6 protein chains.
Amino acid sequence: MTARVDGRTPDAIRPVTMQTGYLEWAEGSVLFEMGKTRVLAAASWEAKVPRFLQGSGSGWVTAEYALLPRSTSVRTDRESVKGKLSGRTQEIQRLIGRSLRGVTKLDRMGENSILIDCDILQADGGTRTASITAGYIALGLAERNLTERGVFKKEILPESVAAISAGIVGGERLLDLCYEEDAKAEVDLNVVTTSDGRLVEVQGTAEGEPFSREDLDGLLALAEKGIAELTEIQRRALAG
Amino acid sequence: MTARVDGRTPDAIRPVTMQTGYLEWAEGSVLFEMGKTRVLAAASWEAKVPRFLQGSGSGWVTAEYALLPRSTSVRTDRESVKGKLSGRTQEIQRLIGRSLRGVTKLDRMGENSILIDCDILQADGGTRTASITAGYIALGLAERNLTERGVFKKEILPESVAAISAGIVGGERLLDLCYEEDAKAEVDLNVVTTSDGRLVEVQGTAEGEPFSREDLDGLLALAEKGIAELTEIQRRALAG
Amino acid sequence: MTARVDGRTPDAIRPVTMQTGYLEWAEGSVLFEMGKTRVLAAASWEAKVPRFLQGSGSGWVTAEYALLPRSTSVRTDRESVKGKLSGRTQEIQRLIGRSLRGVTKLDRMGENSILIDCDILQADGGTRTASITAGYIALGLAERNLTERGVFKKEILPESVAAISAGIVGGERLLDLCYEEDAKAEVDLNVVTTSDGRLVEVQGTAEGEPFSREDLDGLLALAEKGIAELTEIQRRALAG
Amino acid sequence: MTARVDGRTPDAIRPVTMQTGYLEWAEGSVLFEMGKTRVLAAASWEAKVPRFLQGSGSGWVTAEYALLPRSTSVRTDRESVKGKLSGRTQEIQRLIGRSLRGVTKLDRMGENSILIDCDILQADGGTRTASITAGYIALGLAERNLTERGVFKKEILPESVAAISAGIVGGERLLDLCYEEDAKAEVDLNVVTTSDGRLVEVQGTAEGEPFSREDLDGLLALAEKGIAELTEIQRRALAG
Amino acid sequence: MTARVDGRTPDAIRPVTMQTGYLEWAEGSVLFEMGKTRVLAAASWEAKVPRFLQGSGSGWVTAEYALLPRSTSVRTDRESVKGKLSGRTQEIQRLIGRSLRGVTKLDRMGENSILIDCDILQADGGTRTASITAGYIALGLAERNLTERGVFKKEILPESVAAISAGIVGGERLLDLCYEEDAKAEVDLNVVTTSDGRLVEVQGTAEGEPFSREDLDGLLALAEKGIAELTEIQRRALAG
Amino acid sequence: MTARVDGRTPDAIRPVTMQTGYLEWAEGSVLFEMGKTRVLAAASWEAKVPRFLQGSGSGWVTAEYALLPRSTSVRTDRESVKGKLSGRTQEIQRLIGRSLRGVTKLDRMGENSILIDCDILQADGGTRTASITAGYIALGLAERNLTERGVFKKEILPESVAAISAGIVGGERLLDLCYEEDAKAEVDLNVVTTSDGRLVEVQGTAEGEPFSREDLDGLLALAEKGIAELTEIQRRALAG
């Protein structure tokens, strides 16, 4: 077993720090750091829903995701300048939205929407999973704010949700890949799980050679461990 | 156990028929039908590669996917008219491309590209997995054509690849969902597997309630059975 | 007189075959083949009209046209990927729409619209004229369907409409040009005519040298013969 | 026979006035007025050709067309603000380009391009035909300028080209429709003809009821008369 | 002191000529020439206001600006073809709109809008300032027209507004730069002033070296002189 | 004299704090706060220049500017989602670029470019001026970094540049407006000045009533005071 680039053991997640309430005007916000990956998640409330839900009495949760241009080691062009969202961006924001909706009781929200903006100030791998984990915290803070203001009358988040990556690098199964590991991974798995251990999303991809069912099971076990730790971190942040 | 809408057993795939060589000018093509889902897959060869591979000696395989407007029960607007590809379309064509590259020896192709167009003439669920399965047949036909013309000197497709969906509908695990089943599924899993049984891609999504690890294992087993059947169908089509 | 590339006489149209009702969900559809040119025409009904007709009691018929990427001998890029419709595409779909409206009693339709999608699966010249001829069949099938469902109370298609090309190639006047002929034609004429012999549209273009009035008259006579044959084919298809 | 809105006889064109050399920097330009329709045509030379002609030794002529926003009685939105050219604009600029190329000896131009901008300062019907007629004058002036500067060594415009509309309004055949007539025309014909009487383009469209072959012949005769007059006007302008 | 390229003294504006009522259908229009710079300004009235003013009882004035392609010595591509407005165009049309609103009593207009189109037929420097000066004349003509038609009940333009440039070229302060001067200016100042001598907008920019406060004051004095002359020209044009 | 919303005197700037080197990979970066306005400025170096400078031996400095969606009190839609930059954004990024180039010796840079990204994490008025002031710090840090790496051989920033707003609110002249003051200002002035007191840019705008020359002079004096303070803050930050 070779040491990881930052000295972690194969089953260790990176250190997590955060600053909740980072933004003056957002209903909920957190500046969330996991290793060098830094996400600013902000929840915005609107007292209306998309057309397909109008008249349903139900609410909606959605997400947008973007890299700041110099979050990356080589500058990434702005999608506003290119005039369209890349497929990668759209795929990620659909994933974040689905994941957050997976633990939200939409039918208890009334016709209210919450949009979670996940802006990556600095990217070092795992930006989509960190966005889900941080996005849940922003959502949880907004829920508390809106409950206090009387917008929500019932509990809408009975469970929490968190996400993490795992992968195979140089034949070894590793938890929570940083960018350098991710770039050379043979297999990449993203897992989104609720606080009661159920799956919301599983996405495993062979970057080169296909992988065995045994590898899939090994990576799922690693992810389970990591998500348990993140779930506890989220619980403490929202209890604070 | 309730009967399925088309009378299939839970672990049965829909009937597959196809017409290979459907297009006069494509290097490989197939009009592939799986139940009422109908995909026209066409392989186009170009003697050049994307910029990031120039000078590498390696080839490339990519895919594009589109719904014809009246493939669907309610007409779908053309993305050419809307002026941009939806996130769903981009996500699907990235998946098809990754899946086909997962079994292609790119480094044996020389600096050649093959683009697989998957156009859905009629959609009844499972269009992305049918596109992968049909896309592989078009790719296999193009490989044969280009090998005969001397473009390819070595075998580039030692394994085949196929894909199928499975899901949980009304609490029951079902293989190869048609549209009516897919629309009410609680869990939707797409699996892409090679002919030697290894995984290229696993994507499982809870549409409503999160799912257990046991459900994931049950759905993976169903998909394994379906893909074995599709792999045999592909083998016969390319042997013909 | 030199033989044509496919052995036809100068005044012969290409063989026509078709499969009506090709699509499960469209109000009317036909997979129409004229030589190697293959059009999938589908009619979609909507119980509303464009803004400029709202409150008028009148209906509307319009058309969209697209080439599948590998319909052509060299692959054509998707307009959805380029993000806009070419001038050629827009010009063709305006022509198809005008031609179909030329025989439709819009004021008998009530505030209903029919959109005819003409997707070219394979292109070998004459795709715009084949789209008009096939589009009329899809429209006629939709009329019957909507009359049976009680949407239409009166006959809206008292005449039929068909279209054909004629051109001058190597100094000789030819009917129904295939792609190889079209590419070297000096003059290209598209004619759209009703079943009672009146003109809806005449478009003659010199590709190189201008042409004489006598040539125009000769080409119009050829087109008249071809359209009479197509009109009879349409009549039988809709009678079936 | 009813009087026309501006008192003309059915076979009369509107008065033509023009100011050649209107623009300081263009290689050729004319502010051309035909009745109230006012076109500013400007020729711009570039010492290069589009990609498909590079290395051919041949030149190119193309055109762009636009309405100024307040050329029309109700203001027309700018296409720059809408972000794309309408189908109508593209169809018209393709027609102008084809018409001008129809009389230009491209193979005598060397690898030079001339772009004719036709900007409509005021629109009162017939803007596309006036653009062709005015565009030819700008092209002729540019030819003279470029010949004097030694760019062109041979005559590139042995014939001239002009265009006019004719139509059926209230059952009567009229030459050179103004906007008020055009808006209620049953049939609209645009004809583009060279100075030696040959046809470059014929476009006849039924706006409502289809039209007979006899009507087509009658309108072509009217157009022939009008174009003979415009050809003489062009000749005098370029002789000046 | 070196002579200016067109022989003017440092504090002289270029000769101004104009043709009011140039457009048949606009509520107000002027073809305005200042030296070789030629602007066609047209006012269009709409009996409605933007969303943010609906229900306010107040009106709105806005502007659009465009260069005709061959207004410039080297042809400028159309923004309609590029599919978007440049930053420069948007900045200029925002400036024109703000400047005209600076002298308009919006609250006396009722819920009416006036859009001023400024199309540059020929550009020789100072197109944005000439657009403001000409735009005011078109606005003034439209005011008179709409007052006569009873749309406006009160005076909405108690003051007039005009604009001019001044700059430092080769160390010397010059009024009303032509293109050749502007291209080599070290400092460029645009000033927009009302007829009673108050400032609506001041924009001073160092193109190379920063400038002193003394230079700013000197340029403001030059501009004051030029605007007084333009104000008198506007007054006579609207009195006519 | 009424107290300001945050208790400042009329000529006081808001408190400034900053964190230099905030981003791991940028050549220079600063998280800069001025009151509640929070800008993340990042400098990115490229060893190439835009086309118009290629072969000149000279460098280039440019800037991009964006609001994060929830920087504002009501969420602002992403320009990447709208598919184009607003006029306001383009106007601001042109201003930032011009201001930074005003103090940069481009001809000493070699053919290198520096792009300054100014992303507004939180907006409370003065975002464009804070972007210039912070952008200069990021540029200064990048200059030091690139000088140490040997990219720059000569001093390229002999002077510094800073910017501030001043305005008239309720008839009173105030320095450094926060959002609440800016929203009701009658006059808004932005001034960009070098460390040796020369002007790079002056932009004064009447939001409602035009303003007198005396007001302009008074606001310029206020700005001079504020910029002197910011210049000293910049000096200390870069000395650190």
# chains A, B, ... in the order shown; residues from 1 in each chain; ligands from 1
>>> residues_around(residues="Val187 in chain D", least_positions_apart="6", cutoff="10 Å", atoms="only C-alpha atoms", output="PDB file with all heavy atoms, in the first residue's frame")
ATOM      1  N   VAL C 200     -49.104  26.151 -56.901  1.00  0.00           N
ATOM      2  CA  VAL C 200     -48.994  26.746 -55.577  1.00  0.00           C
ATOM      3  C   VAL C 200     -47.662  27.483 -55.471  1.00  0.00           C
ATOM      4  O   VAL C 200     -47.545  28.519 -54.842  1.00  0.00           O
ATOM      5  CB  VAL C 200     -49.098  25.669 -54.474  1.00  0.00           C
ATOM      6  CG1 VAL C 200     -48.920  26.282 -53.097  1.00  0.00           C
ATOM      7  CG2 VAL C 200     -50.445  24.961 -54.567  1.00  0.00           C
ATOM      8  N   GLU C 201     -46.668  26.933 -56.131  1.00  0.00           N
ATOM      9  CA  GLU C 201     -45.330  27.511 -56.016  1.00  0.00           C
ATOM     10  C   GLU C 201     -44.509  27.085 -57.236  1.00  0.00           C
ATOM     11  O   GLU C 201     -44.574  25.936 -57.676  1.00  0.00           O
ATOM     12  CB  GLU C 201     -44.671  26.966 -54.736  1.00  0.00           C
ATOM     13  CG  GLU C 201     -43.379  27.594 -54.369  1.00  0.00           C
ATOM     14  CD  GLU C 201     -43.533  28.754 -53.361  1.00  0.00           C
ATOM     15  OE1 GLU C 201     -44.549  28.819 -52.643  1.00  0.00           O
ATOM     16  OE2 GLU C 201     -42.635  29.609 -53.318  1.00  0.00           O
TER      17      GLU C 201
ATOM     18  N   ALA D 166     -44.273  41.081 -59.721  1.00  0.00           N
ATOM     19  CA  ALA D 166     -45.587  41.268 -60.343  1.00  0.00           C
ATOM     20  C   ALA D 166     -46.541  40.435 -59.503  1.00  0.00           C
ATOM     21  O   ALA D 166     -46.115  39.550 -58.759  1.00  0.00           O
ATOM     22  CB  ALA D 166     -45.569  40.792 -61.789  1.00  0.00           C
ATOM     23  N   GLY D 167     -47.828  40.708 -59.594  1.00  0.00           N
ATOM     24  CA  GLY D 167     -48.734  39.935 -58.758  1.00  0.00           C
ATOM     25  C   GLY D 167     -50.164  40.084 -59.215  1.00  0.00           C
ATOM     26  O   GLY D 167     -50.468  40.874 -60.118  1.00  0.00           O
ATOM     27  N   ILE D 168     -51.017  39.281 -58.621  1.00  0.00           N
ATOM     28  CA  ILE D 168     -52.446  39.377 -58.909  1.00  0.00           C
ATOM     29  C   ILE D 168     -53.132  39.941 -57.672  1.00  0.00           C
ATOM     30  O   ILE D 168     -53.016  39.390 -56.572  1.00  0.00           O
ATOM     31  CB  ILE D 168     -53.035  37.999 -59.270  1.00  0.00           C
ATOM     32  CG1 ILE D 168     -52.273  37.418 -60.471  1.00  0.00           C
ATOM     33  CG2 ILE D 168     -54.528  38.115 -59.571  1.00  0.00           C
ATOM     34  CD1 ILE D 168     -52.786  36.074 -60.945  1.00  0.00           C
ATOM     35  N   VAL D 169     -53.785  41.072 -57.865  1.00  0.00           N
ATOM     36  CA  VAL D 169     -54.455  41.750 -56.753  1.00  0.00           C
ATOM     37  C   VAL D 169     -55.902  41.981 -57.170  1.00  0.00           C
ATOM     38  O   VAL D 169     -56.151  42.608 -58.200  1.00  0.00           O
ATOM     39  CB  VAL D 169     -53.789  43.112 -56.444  1.00  0.00           C
ATOM     40  CG1 VAL D 169     -54.470  43.774 -55.240  1.00  0.00           C
ATOM     41  CG2 VAL D 169     -52.302  42.933 -56.175  1.00  0.00           C
ATOM     42  N   GLY D 170     -56.801  41.458 -56.388  1.00  0.00           N
ATOM     43  CA  GLY D 170     -58.214  41.616 -56.737  1.00  0.00           C
ATOM     44  C   GLY D 170     -58.508  41.083 -58.122  1.00  0.00           C
ATOM     45  O   GLY D 170     -59.316  41.641 -58.861  1.00  0.00           O
ATOM     46  N   GLY D 171     -57.794  40.022 -58.522  1.00  0.00           N
ATOM     47  CA  GLY D 171     -58.031  39.390 -59.813  1.00  0.00           C
ATOM     48  C   GLY D 171     -57.298  40.038 -60.964  1.00  0.00           C
ATOM     49  O   GLY D 171     -57.319  39.527 -62.087  1.00  0.00           O
ATOM     50  N   ARG D 173     -53.787  41.552 -62.854  1.00  0.00           N
ATOM     51  CA  ARG D 173     -52.328  41.415 -62.882  1.00  0.00           C
ATOM     52  C   ARG D 173     -51.669  42.788 -62.863  1.00  0.00           C
ATOM     53  O   ARG D 173     -51.944  43.614 -63.723  1.00  0.00           O
ATOM     54  CB  ARG D 173     -51.898  40.663 -64.144  1.00  0.00           C
ATOM     55  CG  ARG D 173     -52.400  39.238 -64.188  1.00  0.00           C
ATOM     56  CD  ARG D 173     -52.024  38.554 -65.490  1.00  0.00           C
ATOM     57  NE  ARG D 173     -52.831  37.357 -65.667  1.00  0.00           N
ATOM     58  CZ  ARG D 173     -53.269  36.905 -66.842  1.00  0.00           C
ATOM     59  NH1 ARG D 173     -52.962  37.559 -67.972  1.00  0.00           N
ATOM     60  NH2 ARG D 173     -53.990  35.815 -66.904  1.00  0.00           N
ATOM     61  N   GLY D 204     -42.644  32.105 -57.938  1.00  0.00           N
ATOM     62  CA  GLY D 204     -44.053  32.461 -57.897  1.00  0.00           C
ATOM     63  C   GLY D 204     -44.737  31.740 -56.760  1.00  0.00           C
ATOM     64  O   GLY D 204     -44.519  30.541 -56.562  1.00  0.00           O
ATOM     65  N   THR D 205     -45.528  32.452 -55.997  1.00  0.00           N
ATOM     66  CA  THR D 205     -46.144  31.887 -54.800  1.00  0.00           C
ATOM     67  C   THR D 205     -47.609  32.283 -54.728  1.00  0.00           C
ATOM     68  O   THR D 205     -47.934  33.458 -54.865  1.00  0.00           O
ATOM     69  CB  THR D 205     -45.448  32.458 -53.548  1.00  0.00           C
ATOM     70  OG1 THR D 205     -44.080  32.087 -53.587  1.00  0.00           O
ATOM     71  CG2 THR D 205     -46.070  31.924 -52.268  1.00  0.00           C
ATOM     72  N   ALA D 206     -48.461  31.280 -54.514  1.00  0.00           N
ATOM     73  CA  ALA D 206     -49.857  31.593 -54.235  1.00  0.00           C
ATOM     74  C   ALA D 206     -49.979  31.931 -52.764  1.00  0.00           C
ATOM     75  O   ALA D 206     -49.599  31.128 -51.909  1.00  0.00           O
ATOM     76  CB  ALA D 206     -50.729  30.379 -54.551  1.00  0.00           C
ATOM     77  N   GLU D 207     -50.463  33.116 -52.455  1.00  0.00           N
ATOM     78  CA  GLU D 207     -50.630  33.471 -51.043  1.00  0.00           C
ATOM     79  C   GLU D 207     -51.935  32.881 -50.519  1.00  0.00           C
ATOM     80  O   GLU D 207     -52.055  32.591 -49.342  1.00  0.00           O
ATOM     81  CB  GLU D 207     -50.608  34.993 -50.853  1.00  0.00           C
ATOM     82  CG  GLU D 207     -49.343  35.661 -51.340  1.00  0.00           C
ATOM     83  CD  GLU D 207     -48.120  35.292 -50.514  1.00  0.00           C
ATOM     84  OE1 GLU D 207     -48.274  34.852 -49.361  1.00  0.00           O
ATOM     85  OE2 GLU D 207     -46.987  35.438 -51.038  1.00  0.00           O
ATOM     86  N   GLY D 208     -52.896  32.732 -51.394  1.00  0.00           N
ATOM     87  CA  GLY D 208     -54.163  32.135 -50.967  1.00  0.00           C
ATOM     88  C   GLY D 208     -54.508  31.010 -51.935  1.00  0.00           C
ATOM     89  O   GLY D 208     -53.941  29.927 -51.837  1.00  0.00           O
ATOM     90  N   GLU D 209     -55.365  31.269 -52.873  1.00  0.00           N
ATOM     91  CA  GLU D 209     -55.743  30.281 -53.880  1.00  0.00           C
ATOM     92  C   GLU D 209     -54.583  29.999 -54.832  1.00  0.00           C
ATOM     93  O   GLU D 209     -53.882  30.923 -55.249  1.00  0.00           O
ATOM     94  CB  GLU D 209     -56.911  30.824 -54.710  1.00  0.00           C
ATOM     95  CG  GLU D 209     -58.254  30.748 -54.027  1.00  0.00           C
ATOM     96  CD  GLU D 209     -58.655  29.306 -53.741  1.00  0.00           C
ATOM     97  OE1 GLU D 209     -58.883  28.533 -54.687  1.00  0.00           O
ATOM     98  OE2 GLU D 209     -58.728  28.943 -52.535  1.00  0.00           O
ATOM     99  N   PRO D 210     -54.403  28.729 -55.241  1.00  0.00           N
ATOM    100  CA  PRO D 210     -53.433  28.406 -56.297  1.00  0.00           C
ATOM    101  C   PRO D 210     -53.773  29.135 -57.596  1.00  0.00           C
ATOM    102  O   PRO D 210     -54.909  29.588 -57.783  1.00  0.00           O
ATOM    103  CB  PRO D 210     -53.581  26.890 -56.451  1.00  0.00           C
ATOM    104  CG  PRO D 210     -54.089  26.433 -55.110  1.00  0.00           C
ATOM    105  CD  PRO D 210     -54.983  27.525 -54.631  1.00  0.00           C
ATOM    106  N   PHE D 211     -52.800  29.239 -58.493  1.00  0.00           N
ATOM    107  CA  PHE D 211     -53.019  30.028 -59.714  1.00  0.00           C
ATOM    108  C   PHE D 211     -52.800  29.172 -60.957  1.00  0.00           C
ATOM    109  O   PHE D 211     -52.141  28.140 -60.930  1.00  0.00           O
ATOM    110  CB  PHE D 211     -52.112  31.260 -59.738  1.00  0.00           C
ATOM    111  CG  PHE D 211     -50.640  30.967 -59.573  1.00  0.00           C
ATOM    112  CD1 PHE D 211     -49.767  30.980 -60.657  1.00  0.00           C
ATOM    113  CD2 PHE D 211     -50.093  30.686 -58.318  1.00  0.00           C
ATOM    114  CE1 PHE D 211     -48.407  30.735 -60.496  1.00  0.00           C
ATOM    115  CE2 PHE D 211     -48.732  30.440 -58.162  1.00  0.00           C
ATOM    116  CZ  PHE D 211     -47.898  30.459 -59.247  1.00  0.00           C
ATOM    117  N   ASP D 215     -52.097  32.495 -65.745  1.00  0.00           N
ATOM    118  CA  ASP D 215     -51.700  33.619 -64.890  1.00  0.00           C
ATOM    119  C   ASP D 215     -50.182  33.724 -64.806  1.00  0.00           C
ATOM    120  O   ASP D 215     -49.622  34.825 -64.853  1.00  0.00           O
ATOM    121  CB  ASP D 215     -52.271  33.433 -63.467  1.00  0.00           C
ATOM    122  CG  ASP D 215     -53.710  33.909 -63.363  1.00  0.00           C
ATOM    123  OD1 ASP D 215     -54.093  34.854 -64.087  1.00  0.00           O
ATOM    124  OD2 ASP D 215     -54.468  33.324 -62.563  1.00  0.00           O
ATOM    125  N   LEU D 216     -49.525  32.603 -64.680  1.00  0.00           N
ATOM    126  CA  LEU D 216     -48.061  32.620 -64.624  1.00  0.00           C
ATOM    127  C   LEU D 216     -47.498  33.295 -65.874  1.00  0.00           C
ATOM    128  O   LEU D 216     -46.622  34.164 -65.791  1.00  0.00           O
ATOM    129  CB  LEU D 216     -47.522  31.187 -64.484  1.00  0.00           C
ATOM    130  CG  LEU D 216     -46.001  31.047 -64.487  1.00  0.00           C
ATOM    131  CD1 LEU D 216     -45.369  31.799 -63.319  1.00  0.00           C
ATOM    132  CD2 LEU D 216     -45.583  29.570 -64.426  1.00  0.00           C
ATOM    133  N   LEU D 219     -48.067  37.115 -65.842  1.00  0.00           N
ATOM    134  CA  LEU D 219     -47.192  37.833 -64.913  1.00  0.00           C
ATOM    135  C   LEU D 219     -45.753  37.881 -65.425  1.00  0.00           C
ATOM    136  O   LEU D 219     -45.055  38.886 -65.262  1.00  0.00           O
ATOM    137  CB  LEU D 219     -47.248  37.172 -63.525  1.00  0.00           C
ATOM    138  CG  LEU D 219     -48.608  37.284 -62.810  1.00  0.00           C
ATOM    139  CD1 LEU D 219     -48.614  36.432 -61.543  1.00  0.00           C
ATOM    140  CD2 LEU D 219     -48.936  38.743 -62.461  1.00  0.00           C
TER     141      LEU D 219
END
>>> residues_around(residues="range 30-45 of chain C", least_positions_apart="4", cutoff="6 Å", atoms="only C-alpha atoms", output="ChimeraX atom specification")
/C:14-22,26,113-124,135,138-139
>>> write_last_selection(atoms="C-alpha atoms", output="PDB file, in the first residue's frame")
ATOM      1  CA  ARG C  14     -38.179   7.382 -59.420  1.00  0.00           C
ATOM      2  CA  PRO C  15     -40.035   4.407 -57.906  1.00  0.00           C
ATOM      3  CA  VAL C  16     -42.175   5.352 -54.893  1.00  0.00           C
ATOM      4  CA  THR C  17     -42.856   3.067 -51.929  1.00  0.00           C
ATOM      5  CA  MET C  18     -44.250   3.949 -48.549  1.00  0.00           C
ATOM      6  CA  GLN C  19     -45.400   2.670 -45.172  1.00  0.00           C
ATOM      7  CA  THR C  20     -48.314   4.660 -43.761  1.00  0.00           C
ATOM      8  CA  GLY C  21     -48.963   4.754 -40.010  1.00  0.00           C
ATOM      9  CA  TYR C  22     -45.254   4.188 -39.314  1.00  0.00           C
ATOM     10  CA  ALA C  26     -48.546  10.590 -34.430  1.00  0.00           C
ATOM     11  CA  SER C 113     -52.943  23.462 -35.666  1.00  0.00           C
ATOM     12  CA  ILE C 114     -51.225  20.656 -37.468  1.00  0.00           C
ATOM     13  CA  LEU C 115     -47.440  20.575 -37.531  1.00  0.00           C
ATOM     14  CA  ILE C 116     -45.841  18.330 -40.139  1.00  0.00           C
ATOM     15  CA  ASP C 117     -42.350  17.087 -39.259  1.00  0.00           C
ATOM     16  CA  CYS C 118     -40.351  16.000 -42.288  1.00  0.00           C
ATOM     17  CA  ASP C 119     -37.210  14.186 -41.210  1.00  0.00           C
ATOM     18  CA  ILE C 120     -34.930  12.974 -43.972  1.00  0.00           C
ATOM     19  CA  LEU C 121     -33.526   9.569 -43.047  1.00  0.00           C
ATOM     20  CA  GLN C 122     -31.667   9.334 -46.357  1.00  0.00           C
ATOM     21  CA  ALA C 123     -31.079  12.069 -48.930  1.00  0.00           C
ATOM     22  CA  ASP C 124     -30.600  11.468 -52.639  1.00  0.00           C
ATOM     23  CA  GLY C 135     -46.202  15.743 -45.851  1.00  0.00           C
ATOM     24  CA  ALA C 138     -49.349  12.619 -43.297  1.00  0.00           C
ATOM     25  CA  LEU C 139     -51.688  15.595 -43.290  1.00  0.00           C
TER      26      LEU C 139
END
>>> interface_residues(of="chain B", to="chain C", cutoff="6 Å", atoms="only C-alpha atoms", output="list in words")
Trp25, Ser73, Glu79, Ser80, Gly83 and Lys84 of chain B
>>> write_last_selection(atoms="N, CA and C atoms", output="mmCIF file, in the first residue's frame")
data_model
loop_
_atom_site.group_PDB
_atom_site.id
_atom_site.type_symbol
_atom_site.label_atom_id
_atom_site.label_comp_id
_atom_site.auth_asym_id
_atom_site.auth_seq_id
_atom_site.Cartn_x
_atom_site.Cartn_y
_atom_site.Cartn_z
ATOM 1 N N TRP B 25 -25.058 5.157 -47.093
ATOM 2 C CA TRP B 25 -23.731 5.756 -47.107
ATOM 3 C C TRP B 25 -22.939 5.636 -45.794
ATOM 4 N N SER B 73 -44.976 10.543 -27.324
ATOM 5 C CA SER B 73 -46.432 10.527 -27.412
ATOM 6 C C SER B 73 -46.976 11.953 -27.501
ATOM 7 N N GLU B 79 -34.338 20.422 -30.666
ATOM 8 C CA GLU B 79 -33.292 21.189 -29.993
ATOM 9 C C GLU B 79 -32.631 22.169 -30.968
ATOM 10 N N SER B 80 -32.720 21.895 -32.270
ATOM 11 C CA SER B 80 -32.179 22.842 -33.244
ATOM 12 C C SER B 80 -32.999 24.122 -33.245
ATOM 13 N N GLY B 83 -32.218 25.975 -30.121
ATOM 14 C CA GLY B 83 -30.905 26.602 -30.237
ATOM 15 C C GLY B 83 -29.871 26.034 -29.288
ATOM 16 N N LYS B 84 -30.271 25.026 -28.495
ATOM 17 C CA LYS B 84 -29.254 24.400 -27.666
ATOM 18 C C LYS B 84 -29.700 23.008 -27.230
#
>>> closest_residue(among="B:Leu199, B:Ile13, B:Val61, B:Glu214", to="Ile233 in chain B", atoms="only C-alpha atoms")
B:Ile13
>>> residues_around(residues="range 141-156 of chain C", least_positions_apart="6", cutoff="6 Å", atoms="only C-alpha atoms", output="JSON, numbers by chain")
{"C": [27, 28, 104, 105]}
>>> residues_around(residues="Gly197 in chain D", least_positions_apart="2", cutoff="10 Å", atoms="only C-alpha atoms", output="number ranges by chain")
C: 210-213; D: 159, 161, 192-195, 199-200, 224, 227-228
>>> write_last_selection(atoms="C-alpha atoms", output="short mmCIF file (atom, residue, chain, number, x, y, z; two decimals), in the first residue's frame")
data_model
loop_
_atom_site.label_atom_id
_atom_site.label_comp_id
_atom_site.auth_asym_id
_atom_site.auth_seq_id
_atom_site.Cartn_x
_atom_site.Cartn_y
_atom_site.Cartn_z
CA PRO C 210 -29.22 31.98 -66.97
CA PHE C 211 -31.93 30.08 -68.86
CA SER C 212 -34.38 30.94 -71.61
CA ARG C 213 -38.12 31.27 -71.37
CA GLU D 159 -24.39 41.40 -68.77
CA VAL D 161 -29.16 41.86 -63.91
CA VAL D 192 -34.70 38.15 -61.95
CA THR D 193 -33.56 38.65 -65.53
CA THR D 194 -30.32 39.53 -67.34
CA SER D 195 -29.90 42.35 -69.84
CA LEU D 199 -33.92 34.18 -66.51
CA VAL D 200 -31.78 33.86 -63.40
CA GLU D 224 -40.28 41.29 -68.76
CA ILE D 227 -37.09 44.68 -66.21
CA ALA D 228 -36.36 46.13 -69.64
#
>>> atom_distance(atom1="CA of Leu230 in chain E", atom2="CA of Ala185 in chain E")
22.6 Å
>>> select_by_dssp(residues="range 20-133 of chain B", states="alpha helix (DSSP H)", output="PyMOL selection string")
chain B and resi 79-82+87-101+127-133
>>> atom_distance(atom1="CA of Ala183 in chain B", atom2="CA of Leu67 in chain B")
17.4 Å
>>> select_by_dssp(residues="range 2-233 of chain C", states="strand (DSSP E or B)", output="PyMOL selection string")
chain C and resi 16-20+28-34+37-46+60-67+113-122+161-169+172-175+187-194+199-206+211
>>> residues_around(residues="range 4-12 of chain E", least_positions_apart="6", cutoff="9 Å", atoms="only C-alpha atoms", output="VMD selection string")
chain E and resid 172 to 176 178 180 to 181 222 to 223 225 to 226
>>> atom_distance(atom1="CA of Pro158 in chain F", atom2="CA of Gln90 in chain F")
27.8 Å
